[in-house]
>>> print(open('entry_14.cif').read())   # mmCIF, C-alpha atoms
data_model
loop_
_atom_site.label_atom_id
_atom_site.label_comp_id
_atom_site.auth_asym_id
_atom_site.auth_seq_id
_atom_site.Cartn_x
_atom_site.Cartn_y
_atom_site.Cartn_z
CA MET A 3 49.26 83.21 82.49
CA PRO A 4 50.46 85.40 84.23
CA SER A 5 49.65 84.09 87.67
CA ILE A 6 50.25 86.78 90.27
CA THR A 7 50.32 86.21 94.02
CA LEU A 8 50.68 88.89 96.63
CA TYR A 9 51.62 87.69 100.12
CA THR A 10 51.14 90.14 102.98
CA SER A 11 51.38 90.08 106.74
CA ALA A 12 48.08 90.74 108.51
CA ALA A 13 49.28 94.23 109.46
CA HIS A 14 49.75 95.14 105.78
CA ARG A 15 46.58 93.62 104.35
CA ILE A 16 44.50 96.10 102.37
CA ASN A 17 40.71 96.15 102.59
CA HIS A 18 38.41 94.49 100.07
CA ASP A 19 37.54 97.64 98.10
CA ALA A 20 41.17 98.75 97.88
CA PHE A 21 42.16 95.25 96.79
CA ALA A 22 39.61 95.28 93.97
CA GLU A 23 41.13 98.53 92.68
CA PHE A 24 44.66 97.19 93.21
CA SER A 25 43.80 93.99 91.30
CA ALA A 26 42.35 95.97 88.42
CA SER A 27 45.54 98.06 88.28
CA LEU A 28 47.71 94.91 88.29
CA ALA A 29 45.65 93.32 85.53
CA ASP A 30 45.91 96.53 83.51
CA LEU A 31 49.72 96.51 83.88
CA ALA A 32 49.84 92.86 82.80
CA MET A 33 47.74 93.58 79.72
CA LYS A 34 49.54 96.76 78.72
CA ILE A 35 53.15 95.84 79.50
CA LEU A 36 53.22 92.02 79.29
CA LYS A 37 50.53 91.86 76.57
CA ALA A 38 48.64 89.29 78.64
CA LYS A 39 45.13 88.39 77.58
CA GLU A 40 42.59 89.40 80.22
CA ASN A 41 41.14 85.89 80.51
CA ASN A 42 44.63 84.47 81.20
CA ILE A 43 45.45 86.68 84.19
CA HIS A 44 45.07 85.22 87.68
CA ILE A 45 45.62 87.34 90.79
CA SER A 46 45.64 85.95 94.34
CA TYR A 47 46.02 87.88 97.56
CA LEU A 48 47.17 85.86 100.56
CA THR A 49 47.62 86.89 104.15
CA ALA A 50 50.58 84.98 105.52
CA GLU A 51 52.63 84.64 108.66
CA ILE A 52 55.88 86.23 107.54
CA GLY A 53 58.61 84.52 109.52
CA PHE A 54 61.45 86.56 108.06
CA GLY A 55 61.76 89.18 105.37
CA THR A 56 59.59 91.96 104.04
CA PRO A 57 55.92 92.20 105.08
CA VAL A 58 54.80 92.20 101.43
CA TYR A 59 56.04 89.74 98.78
CA PHE A 60 54.90 89.89 95.15
CA GLU A 61 55.39 86.92 92.83
CA ALA A 62 54.45 86.71 89.16
CA LYS A 63 54.76 83.53 87.11
CA LEU A 64 54.36 83.87 83.38
CA ARG A 65 54.94 82.23 80.04
CA GLN A 66 58.04 83.26 78.11
CA GLU A 67 57.21 85.07 74.91
CA THR A 68 59.50 86.69 72.35
CA PHE A 69 57.94 90.08 73.12
CA ARG A 70 58.55 89.70 76.88
CA THR A 71 62.16 90.81 76.75
CA ALA A 72 64.28 91.72 79.76
CA PRO A 73 63.47 95.45 79.36
CA VAL A 74 59.73 94.64 79.21
CA LEU A 75 59.95 92.57 82.40
CA GLU A 76 61.96 95.34 84.08
CA ALA A 77 59.29 97.88 83.10
CA PHE A 78 56.61 95.61 84.56
CA LEU A 79 58.51 95.14 87.82
CA HIS A 80 59.12 98.89 88.08
CA GLN A 81 55.41 99.66 87.62
CA VAL A 82 54.43 96.96 90.13
CA ASP A 83 56.88 98.47 92.63
CA GLU A 84 55.36 101.93 92.12
CA LEU A 85 51.83 100.56 92.51
CA ILE A 86 52.64 98.73 95.75
CA ARG A 87 54.39 101.77 97.20
CA GLU A 88 51.45 104.00 96.26
CA LYS A 89 48.63 101.71 97.39
CA MET A 90 50.24 99.91 100.33
CA GLY A 91 52.93 102.32 101.48
CA VAL A 92 55.68 99.69 101.64
CA ILE A 93 58.67 98.50 99.70
CA ALA A 94 57.88 94.94 98.71
CA ARG A 95 60.05 92.07 97.60
CA ILE A 96 59.10 91.56 93.97
CA ARG A 97 59.91 88.48 91.89
CA CYS A 98 58.98 87.48 88.36
CA PHE A 99 59.48 83.96 87.02
CA SER A 100 59.28 83.32 83.28
CA TYR A 101 58.76 79.75 82.04
CA GLU A 102 59.26 78.22 78.61
CA VAL A 103 56.03 76.90 77.12
CA ASN A 104 57.25 73.29 77.11
CA ASN A 105 57.86 73.56 80.89
CA ILE A 106 54.23 74.43 81.61
CA CYS A 107 51.50 71.88 82.01
CA ALA A 108 48.08 73.36 82.71
CA LYS A 109 44.39 72.68 82.53
CA ASN A 110 41.65 75.33 82.30
#
>>> encode(input="entry_14.cif", output="structure tokens")
Amino acid sequence: MPSITLYTSAAHRINHDAFAEFSASLADLAMKILKAKENNIHISYLTAEIGFGTPVYFEAKLRQETFRTAPVLEAFLHQVDELIREKMGVIARIRCFSYEVNNICAKN
């Protein structure tokens, strides 16, 4: 963990090469700010029919850790916001969900 999903409308989808760079930047932020291990980061990019709301929605789900304090999460969200504005030119809805270890069941 973290598991990051970026939902975009078709009009705001970025091309494959730009997405590779964007993904690398997101992974770098997760490693530097959230102290995530590279092999635990998962990033998905989904084109969706947005029925209502912003054309870009960012969602991160991660494991609670003592070092992932509120200021750390705020710093992560701020950097994600800056990255999306820079690379996609939009203001996205950004959400981060932190789960206690005993509330996570996972395989692989």
>>> atom_distance(input="entry_14.cif", atom1="CA of Met33 in chain A", atom2="CA of Phe78 in chain A")
10.3 Å
>>> residues_around(input="entry_14.cif", residues="Ser5 in chain A", least_positions_apart="6", cutoff="6 Å", atoms="only C-alpha atoms", output="PDB file with C-alpha atoms, keeping the file's coordinate frame")
ATOM      1  CA  HIS A  44      45.070  85.220  87.680  1.00  0.00           C
ATOM      2  CA  ALA A  62      54.450  86.710  89.160  1.00  0.00           C
ATOM      3  CA  LYS A  63      54.760  83.530  87.110  1.00  0.00           C
TER       4      LYS A  63
END
>>> resolve_selection(input="entry_14.cif", expression="the PyMOL selection byres ((chain A and resi 10) around 10)", output="JSON, numbers by chain")
{"A": [7, 8, 9, 11, 12, 13, 14, 15, 16, 47, 48, 49, 50, 51, 52, 56, 57, 58, 59, 60, 94]}
>>> resolve_selection(input="entry_14.cif", expression="the PyMOL selection byres ((chain A and resi 66) around 7)", output="list in words")
Leu64, Arg65, Glu67, Thr68, Arg70, Ser100, Tyr101, Glu102 and Val103 of chain A
>>> write_last_selection(input="entry_14.cif", atoms="C-alpha atoms", output="PDB file, keeping the file's coordinate frame")
ATOM      1  CA  LEU A  64      54.360  83.870  83.380  1.00  0.00           C
ATOM      2  CA  ARG A  65      54.940  82.230  80.040  1.00  0.00           C
ATOM      3  CA  GLU A  67      57.210  85.070  74.910  1.00  0.00           C
ATOM      4  CA  THR A  68      59.500  86.690  72.350  1.00  0.00           C
ATOM      5  CA  ARG A  70      58.550  89.700  76.880  1.00  0.00           C
ATOM      6  CA  SER A 100      59.280  83.320  83.280  1.00  0.00           C
ATOM      7  CA  TYR A 101      58.760  79.750  82.040  1.00  0.00           C
ATOM      8  CA  GLU A 102      59.260  78.220  78.610  1.00  0.00           C
ATOM      9  CA  VAL A 103      56.030  76.900  77.120  1.00  0.00           C
TER      10      VAL A 103
END
>>> resolve_selection(input="entry_14.cif", expression="the PyMOL selection byres ((chain A and resi 39) around 12)", output="PyMOL selection string")
chain A and resi 3-5+29-38+40-44+64-65
>>> atom_distance(input="entry_14.cif", atom1="CA of Gly55 in chain A", atom2="CA of Glu23 in chain A")
26.0 Å
>>> build_atoms(input="entry_14.cif", residues="range 88-103 of chain A", atoms="N, CA, C and O atoms", output="short mmCIF file (atom, residue, chain, number, x, y, z; two decimals), in the coordinates of the input")
data_model
loop_
_atom_site.label_atom_id
_atom_site.label_comp_id
_atom_site.auth_asym_id
_atom_site.auth_seq_id
_atom_site.Cartn_x
_atom_site.Cartn_y
_atom_site.Cartn_z
N GLU A 88 52.56 103.04 96.24
CA GLU A 88 51.45 104.00 96.26
C GLU A 88 50.25 103.48 97.04
O GLU A 88 49.68 104.20 97.87
N LYS A 89 49.86 102.25 96.80
CA LYS A 89 48.63 101.71 97.39
C LYS A 89 48.82 101.10 98.78
O LYS A 89 47.88 101.08 99.57
N MET A 90 50.03 100.60 99.06
CA MET A 90 50.24 99.91 100.33
C MET A 90 51.24 100.62 101.24
O MET A 90 51.34 100.30 102.41
N GLY A 91 51.99 101.54 100.67
CA GLY A 91 52.93 102.32 101.48
C GLY A 91 54.14 101.55 101.96
O GLY A 91 54.73 101.93 102.97
N VAL A 92 54.51 100.48 101.25
CA VAL A 92 55.68 99.69 101.64
C VAL A 92 56.56 99.39 100.43
O VAL A 92 56.11 99.48 99.30
N ILE A 93 57.77 99.02 100.73
CA ILE A 93 58.67 98.50 99.70
C ILE A 93 58.58 96.99 99.78
O ILE A 93 58.90 96.39 100.81
N ALA A 94 58.10 96.38 98.73
CA ALA A 94 57.88 94.94 98.71
C ALA A 94 59.04 94.22 98.04
O ALA A 94 59.77 94.79 97.24
N ARG A 95 59.17 92.96 98.36
CA ARG A 95 60.05 92.07 97.60
C ARG A 95 59.26 91.64 96.39
O ARG A 95 58.13 91.18 96.52
N ILE A 96 59.83 91.82 95.21
CA ILE A 96 59.10 91.56 93.97
C ILE A 96 59.91 90.57 93.13
O ILE A 96 61.09 90.80 92.86
N ARG A 97 59.25 89.50 92.71
CA ARG A 97 59.91 88.48 91.89
C ARG A 97 59.03 88.13 90.71
O ARG A 97 57.81 88.07 90.81
N CYS A 98 59.67 87.87 89.58
CA CYS A 98 58.98 87.48 88.36
C CYS A 98 59.68 86.26 87.79
O CYS A 98 60.91 86.28 87.60
N PHE A 99 58.93 85.20 87.55
CA PHE A 99 59.48 83.96 87.02
C PHE A 99 58.87 83.69 85.65
O PHE A 99 57.65 83.63 85.51
N SER A 100 59.72 83.52 84.65
CA SER A 100 59.28 83.32 83.28
C SER A 100 59.61 81.88 82.87
O SER A 100 60.75 81.44 83.02
N TYR A 101 58.60 81.17 82.37
CA TYR A 101 58.76 79.75 82.04
C TYR A 101 58.59 79.51 80.54
O TYR A 101 57.70 80.08 79.91
N GLU A 102 59.41 78.64 80.00
CA GLU A 102 59.26 78.22 78.61
C GLU A 102 57.96 77.43 78.48
O GLU A 102 57.56 76.71 79.40
N VAL A 103 57.32 77.55 77.34
CA VAL A 103 56.03 76.90 77.12
C VAL A 103 56.10 75.40 77.37
O VAL A 103 55.21 74.82 77.99
#
